[in-house]
Amino acid sequence: MRYKSPERVVDEVERAVRVHGAREISFFSAGSFPLNRKHGEAVCRGLLARGLRVPWLTGTRADLVDPELLALMKESGCVYISLGIETGDEAVLRECRKGVTLERVETALRQIHEAGIESEMCFILGLPGDTPATLRRTARFAARMGRYAELANFAILTPFPGSRIYEDAVAGRGDIRITGAPWCDYSKHGGLAARHKAFAPGQLRRAQLAMYLRFYLGNPAKLARLLRSRNFREILTLRRVLALLGRIA
């Protein structure tokens, strides 16, 4: 990967704010920010030095954050962090080769919460090694982490060309098979692009809906927040839940 200099990143933020009137900045297109700690710290300090008090959002990994870095991110305007957790089952997590443990994920979520930054947990259902039992563990983990995270996102595995999972599915290796669905069905919330040998048709979509309902209906405050929110990501989450209810109905 290639990095823009911290100065160029801050230049672009400043132009977006001062010239184009941006009221919020997203670093999601970077994949994981800050992936390089020194680079991320330099961006944060650059935002502070130029007085750019604009709220910004990012996605990162659980093993990249700690209280010191989070405090700097918060001071420079970070209001929201998305974490790719993928699963609440340790064996499936190892199969994903994430290089983190659920204990580290819980620590990161707690530290983000203590820093005063909101967080979203992102899970993938139907990973290699997943079973109905591992999905139940994922649902329990997500519900338990709701004490720290404001949002949870439950996607269904979509194997894209170029990924190891896609190549294995095409070759007939492992748990996943490509369905031959058109490209418009390659949506992580549709669950139509692949079949998983451990699940009957429609079972992953029902599990997805059950996890959304458990996370939000199990906490009336979270549900009330979704219903009255004007935040883009919260509105999107509410629409996903309503769309899933419509499909199941």
# chains A, B, ... in the order shown; residues from 1 in each chain; ligands from 1
>>> residues_around(residues="range 79-90 of chain A", least_positions_apart="3", cutoff="8 Å", atoms="only C-alpha atoms", output="MDAnalysis selection string")
chainID A and resid 55:62 74 93:94 101:102 105 112 116:125 134:135 137:142
>>> write_last_selection(atoms="C-alpha atoms", output="compact mmCIF listing (two decimals), in the first residue's frame")
# COMPACT_ATOMS: atom_id res chain seq x y z
CA PRO A 55 -15.85 15.45 13.51
CA TRP A 56 -14.29 12.49 11.73
CA LEU A 57 -14.99 8.78 11.45
CA THR A 58 -12.78 5.81 10.74
CA GLY A 59 -12.53 2.05 10.67
CA THR A 60 -9.60 0.21 12.18
CA ARG A 61 -8.39 -3.02 13.75
CA ALA A 62 -8.74 -4.00 17.38
CA LYS A 74 -10.62 11.94 20.30
CA LEU A 93 -11.65 -16.17 14.10
CA ARG A 94 -8.41 -18.14 13.80
CA THR A 101 -8.39 -12.71 19.82
CA LEU A 102 -11.84 -11.96 21.20
CA VAL A 105 -11.43 -7.16 20.68
CA ILE A 112 -12.82 3.15 22.71
CA GLY A 116 -15.59 8.84 24.69
CA ILE A 117 -15.69 7.62 21.07
CA GLU A 118 -18.66 5.73 19.65
CA SER A 119 -18.04 2.36 18.01
CA GLU A 120 -19.63 -0.10 15.62
CA MET A 121 -18.98 -3.84 15.60
CA CYS A 122 -18.93 -5.50 12.17
CA PHE A 123 -19.58 -9.23 11.89
CA ILE A 124 -19.69 -11.65 8.95
CA LEU A 125 -22.05 -14.63 9.04
CA THR A 134 -20.79 -20.67 16.18
CA LEU A 135 -23.42 -18.14 15.08
CA ARG A 137 -21.73 -17.63 20.07
CA THR A 138 -21.40 -14.63 17.75
CA ALA A 139 -24.87 -13.43 18.77
CA ARG A 140 -24.03 -13.77 22.46
CA PHE A 141 -20.71 -11.96 22.04
CA ALA A 142 -22.33 -9.09 20.15
>>> select_by_dssp(residues="range 180-213 of chain A", states="alpha helix (DSSP H)", output="PDB file with C-alpha atoms, in the first residue's frame")
ATOM      1  CA  GLN A 203     -31.006 -19.884   7.362  1.00  0.00           C
ATOM      2  CA  LEU A 204     -28.216 -17.306   7.339  1.00  0.00           C
ATOM      3  CA  ARG A 205     -30.660 -14.510   6.517  1.00  0.00           C
ATOM      4  CA  ARG A 206     -32.903 -15.542   9.403  1.00  0.00           C
ATOM      5  CA  ALA A 207     -29.885 -15.656  11.721  1.00  0.00           C
ATOM      6  CA  GLN A 208     -28.858 -12.202  10.476  1.00  0.00           C
ATOM      7  CA  LEU A 209     -32.273 -10.752  11.295  1.00  0.00           C
ATOM      8  CA  ALA A 210     -32.316 -12.473  14.707  1.00  0.00           C
ATOM      9  CA  MET A 211     -28.949 -10.911  15.586  1.00  0.00           C
ATOM     10  CA  TYR A 212     -30.096  -7.433  14.575  1.00  0.00           C
ATOM     11  CA  LEU A 213     -33.261  -7.790  16.602  1.00  0.00           C
TER      12      LEU A 213
END
>>> closest_residue(among="A:Arg214, A:His189, A:Arg97, A:Arg144", to="Arg239 in chain A", atoms="only C-alpha atoms")
A:His189
>>> residues_around(residues="Leu238 in chain A", least_positions_apart="2", cutoff="10 Å", atoms="only C-alpha atoms", output="MDAnalysis selection string")
chainID A and resid 212 216 223 226:227 229 232:236 240:244
>>> select_by_dssp(residues="range 21-246 of chain A", states="strand (DSSP E or B)", output="MDAnalysis selection string")
chainID A and resid 25:26 56:60 78:86 118:125 151:156 176:178 194:196
